Amino acid sequence: MDFVKYFPELTSEQIAQFQALQELYTDWNSKINVISRKDIDNIYERHVQHSLAIAKFVEEELGGWKAGTTIVDVGCGGGFPGIPLSIRYPECSFLLVDRIGKKVRVAQEIANTIGLNNAEFRHASIEEVKLTFDYAVSRAVMNLPDLLKLVKRVTTKGLICLKGGDLTDEITAAIAQRTQVKDISQYFGEVFFQTKKVVYTKMNN
């Protein structure tokens, strides 16, 4: 779990919660395939640490998330990036949403096991969510313009998502002026992150 070196502020409780994830996801993945088989041995780098690139962005560009900030994870799958972010920000409130019920169930069970009490889970599409949140987060769910259309109704401040590769076609002229792109390699030195990015788009509601 080398990624902890990037987060010296983590408490012993948070570290214990992160440490529990490998065994829990490995066990659940043997019953319900929520993570690629080839990725399960690299869960900390490719899933947990990748998710926490959002935390690095939030700290450096947005001044952190204050207590009481609300975040919705759109298309959370088995719990990424929502579960790592919920561990990192225990005083914020998270709703993790996905259309695939079995994945939501796994995420819920893992959160229960590690005592994560600031995250809720819902088997639904984001269109069914009636609440409003400060931020939306997402990881490789769909192209940026389509995702922004979906979250505009439920988000007041912005969308922060994890992307890879060339984003030229996704960052259209209509959203370029309110969109910020950061290379994750600025935060983490591992080779895996060389082509990965954090993309933040402010809402213009």
# chains A, B, ... in the order shown; residues from 1 in each chain; ligands from 1
>>> closest_atom_pairs(of="segment 114-184 of chain A", to="segment 97-107 of chain A", cutoff="6 Å", atoms="only C-alpha atoms", output="Markdown table")
| residue | atom | partner | partner_atom | distance |
| --- | --- | --- | --- | --- |
| A:Arg122 | CA | A:Val97 | CA | 5.0 |
| A:His123 | CA | A:Gly101 | CA | 5.3 |
| A:Ala124 | CA | A:Arg99 | CA | 4.9 |
| A:Ser125 | CA | A:Arg99 | CA | 5.2 |
>>> write_last_selection(atoms="all heavy atoms", output="PDB file, in the first residue's frame")
ATOM      1  N   ARG A 122     -26.967   3.656  -3.712  1.00  0.00           N
ATOM      2  CA  ARG A 122     -28.283   3.543  -4.341  1.00  0.00           C
ATOM      3  C   ARG A 122     -28.169   2.877  -5.697  1.00  0.00           C
ATOM      4  O   ARG A 122     -27.351   3.283  -6.538  1.00  0.00           O
ATOM      5  CB  ARG A 122     -28.914   4.936  -4.490  1.00  0.00           C
ATOM      6  CG  ARG A 122     -30.360   4.858  -4.971  1.00  0.00           C
ATOM      7  CD  ARG A 122     -31.048   6.187  -4.863  1.00  0.00           C
ATOM      8  NE  ARG A 122     -32.336   6.134  -5.529  1.00  0.00           N
ATOM      9  CZ  ARG A 122     -33.050   7.196  -5.855  1.00  0.00           C
ATOM     10  NH1 ARG A 122     -32.631   8.407  -5.553  1.00  0.00           N
ATOM     11  NH2 ARG A 122     -34.212   7.070  -6.467  1.00  0.00           N
ATOM     12  N   HIS A 123     -28.996   1.852  -5.889  1.00  0.00           N
ATOM     13  CA  HIS A 123     -29.104   1.182  -7.181  1.00  0.00           C
ATOM     14  C   HIS A 123     -30.080   1.998  -8.022  1.00  0.00           C
ATOM     15  O   HIS A 123     -31.299   1.884  -7.883  1.00  0.00           O
ATOM     16  CB  HIS A 123     -29.611  -0.250  -6.969  1.00  0.00           C
ATOM     17  CG  HIS A 123     -29.911  -0.967  -8.239  1.00  0.00           C
ATOM     18  ND1 HIS A 123     -30.830  -1.991  -8.316  1.00  0.00           N
ATOM     19  CD2 HIS A 123     -29.429  -0.795  -9.507  1.00  0.00           C
ATOM     20  CE1 HIS A 123     -30.892  -2.428  -9.559  1.00  0.00           C
ATOM     21  NE2 HIS A 123     -30.058  -1.717 -10.304  1.00  0.00           N
ATOM     22  N   ALA A 124     -29.533   2.856  -8.867  1.00  0.00           N
ATOM     23  CA  ALA A 124     -30.370   3.772  -9.657  1.00  0.00           C
ATOM     24  C   ALA A 124     -29.512   4.423 -10.730  1.00  0.00           C
ATOM     25  O   ALA A 124     -28.279   4.338 -10.711  1.00  0.00           O
ATOM     26  CB  ALA A 124     -30.974   4.854  -8.757  1.00  0.00           C
ATOM     27  N   SER A 125     -30.181   5.071 -11.658  1.00  0.00           N
ATOM     28  CA  SER A 125     -29.464   5.944 -12.596  1.00  0.00           C
ATOM     29  C   SER A 125     -29.454   7.341 -11.991  1.00  0.00           C
ATOM     30  O   SER A 125     -30.292   7.676 -11.134  1.00  0.00           O
ATOM     31  CB  SER A 125     -30.165   5.960 -13.955  1.00  0.00           C
ATOM     32  OG  SER A 125     -31.455   6.550 -13.825  1.00  0.00           O
TER      33      SER A 125
END
>>> residues_around(residues="Met142 of chain A", least_positions_apart="5", cutoff="10 Å", atoms="only C-alpha atoms", output="MDAnalysis selection string")
chainID A and resid 75 147:148 163 170
>>> residues_around(residues="segment 6-13 of chain A", least_positions_apart="4", cutoff="12 Å", atoms="only C-alpha atoms", output="ChimeraX atom specification")
/A:1-2,17-20,45,49-50,52-53,55-56,59,84,87-90,114-116,186-190
>>> write_last_selection(atoms="C-alpha atoms", output="PDB file, in the first residue's frame")
ATOM      1  CA  MET A   1       0.000   0.000   0.000  1.00  0.00           C
ATOM      2  CA  ASP A   2       2.698   2.421  -1.094  1.00  0.00           C
ATOM      3  CA  GLN A  17      -9.792   1.084   6.380  1.00  0.00           C
ATOM      4  CA  PHE A  18      -7.629   1.315   3.266  1.00  0.00           C
ATOM      5  CA  GLN A  19      -5.637  -1.766   4.294  1.00  0.00           C
ATOM      6  CA  ALA A  20      -8.832  -3.808   4.563  1.00  0.00           C
ATOM      7  CA  GLU A  45      -2.566   1.607  -7.486  1.00  0.00           C
ATOM      8  CA  GLN A  49      -4.771   5.558  -5.504  1.00  0.00           C
ATOM      9  CA  HIS A  50      -6.296   6.459  -8.868  1.00  0.00           C
ATOM     10  CA  LEU A  52      -7.479   9.593  -4.619  1.00  0.00           C
ATOM     11  CA  ALA A  53      -6.054  11.675  -7.464  1.00  0.00           C
ATOM     12  CA  ALA A  55      -8.398  14.246  -3.435  1.00  0.00           C
ATOM     13  CA  LYS A  56      -5.037  15.646  -4.541  1.00  0.00           C
ATOM     14  CA  GLU A  59      -6.602  19.896  -1.959  1.00  0.00           C
ATOM     15  CA  PRO A  84     -11.623   5.880  -1.203  1.00  0.00           C
ATOM     16  CA  ILE A  87     -12.451   7.304   3.681  1.00  0.00           C
ATOM     17  CA  ARG A  88     -10.295  10.338   2.920  1.00  0.00           C
ATOM     18  CA  TYR A  89     -13.059  12.836   3.786  1.00  0.00           C
ATOM     19  CA  PRO A  90     -14.982  11.434   6.788  1.00  0.00           C
ATOM     20  CA  ILE A 114     -14.909  -1.122   7.245  1.00  0.00           C
ATOM     21  CA  GLY A 115     -17.315   1.068   9.233  1.00  0.00           C
ATOM     22  CA  LEU A 116     -17.747   3.748   6.590  1.00  0.00           C
ATOM     23  CA  GLN A 186       1.965  15.690 -11.238  1.00  0.00           C
ATOM     24  CA  TYR A 187       0.698  14.020  -8.073  1.00  0.00           C
ATOM     25  CA  PHE A 188       1.904  10.420  -8.362  1.00  0.00           C
ATOM     26  CA  GLY A 189       5.155   9.085  -9.805  1.00  0.00           C
ATOM     27  CA  GLU A 190       4.048   5.582 -10.822  1.00  0.00           C
TER      28      GLU A 190
END
>>> atom_distance(atom1="atom CA of Gln22 of chain A", atom2="atom CA of Ile40 of chain A")
8.0 Å
>>> closest_residue(among="A:Thr113, A:Ala174, A:Lys157, A:Lys66", to="Glu91 of chain A", atoms="only C-alpha atoms")
A:Lys66
>>> select_by_dssp(residues="segment 32-188 of chain A", states="alpha helix (DSSP H)", output="JSON, numbers by chain")
{"A": [43, 50, 51, 52, 53, 54, 55, 56, 57, 58, 59, 60, 61, 82, 83, 84, 85, 86, 87, 88, 101, 102, 103, 104, 105, 106, 107, 108, 109, 110, 111, 112, 113, 144, 145, 146, 147, 148, 149, 150, 151, 173, 174, 175, 176]}
>>> select_by_dssp(residues="segment 14-205 of chain A", states="strand (DSSP E or B)", output="count of residues only")
45
>>> closest_residue(among="A:Leu167, A:Leu62, A:Val34, A:Ala16", to="Gly77 of chain A", atoms="only C-alpha atoms")
A:Val34
>>> closest_residue(among="A:Phe57, A:Phe121, A:Phe192, A:Trp65", to="Ile160 of chain A", atoms="only C-alpha atoms")
A:Phe57
>>> decode(residues="segment 52-91 of chain A", atoms="C-alpha atoms", output="mmCIF file, in the first residue's frame")
data_model
loop_
_atom_site.group_PDB
_atom_site.id
_atom_site.type_symbol
_atom_site.label_atom_id
_atom_site.label_comp_id
_atom_site.auth_asym_id
_atom_site.auth_seq_id
_atom_site.Cartn_x
_atom_site.Cartn_y
_atom_site.Cartn_z
ATOM 1 C CA LEU A 52 -7.479 9.593 -4.619
ATOM 2 C CA ALA A 53 -6.054 11.675 -7.464
ATOM 3 C CA ILE A 54 -9.339 13.549 -7.057
ATOM 4 C CA ALA A 55 -8.398 14.246 -3.435
ATOM 5 C CA LYS A 56 -5.037 15.646 -4.541
ATOM 6 C CA PHE A 57 -6.767 17.892 -7.047
ATOM 7 C CA VAL A 58 -9.331 19.050 -4.486
ATOM 8 C CA GLU A 59 -6.602 19.896 -1.959
ATOM 9 C CA GLU A 60 -4.350 21.744 -4.405
ATOM 10 C CA GLU A 61 -6.881 23.471 -6.656
ATOM 11 C CA LEU A 62 -10.063 23.879 -4.613
ATOM 12 C CA GLY A 63 -8.674 24.349 -1.119
ATOM 13 C CA GLY A 64 -10.037 21.010 0.130
ATOM 14 C CA TRP A 65 -13.565 19.877 0.873
ATOM 15 C CA LYS A 66 -14.906 21.427 4.054
ATOM 16 C CA ALA A 67 -16.964 19.471 6.571
ATOM 17 C CA GLY A 68 -20.518 19.067 5.311
ATOM 18 C CA THR A 69 -19.630 19.088 1.607
ATOM 19 C CA THR A 70 -21.887 16.733 -0.358
ATOM 20 C CA ILE A 71 -20.670 14.595 -3.256
ATOM 21 C CA VAL A 72 -22.403 12.176 -5.620
ATOM 22 C CA ASP A 73 -20.407 9.417 -7.353
ATOM 23 C CA VAL A 74 -22.020 8.824 -10.746
ATOM 24 C CA GLY A 75 -21.590 5.248 -11.961
ATOM 25 C CA CYS A 76 -19.675 4.078 -8.900
ATOM 26 C CA GLY A 77 -19.376 0.443 -9.996
ATOM 27 C CA GLY A 78 -17.884 -1.475 -7.097
ATOM 28 C CA GLY A 79 -17.181 1.734 -5.199
ATOM 29 C CA PHE A 80 -14.637 3.846 -7.095
ATOM 30 C CA PRO A 81 -13.868 6.652 -6.679
ATOM 31 C CA GLY A 82 -16.507 7.034 -3.959
ATOM 32 C CA ILE A 83 -15.244 4.642 -1.275
ATOM 33 C CA PRO A 84 -11.623 5.880 -1.203
ATOM 34 C CA LEU A 85 -12.859 9.481 -1.194
ATOM 35 C CA SER A 86 -15.313 8.713 1.614
ATOM 36 C CA ILE A 87 -12.451 7.304 3.681
ATOM 37 C CA ARG A 88 -10.295 10.338 2.920
ATOM 38 C CA TYR A 89 -13.059 12.836 3.786
ATOM 39 C CA PRO A 90 -14.982 11.434 6.788
ATOM 40 C CA GLU A 91 -16.703 14.760 7.467
#
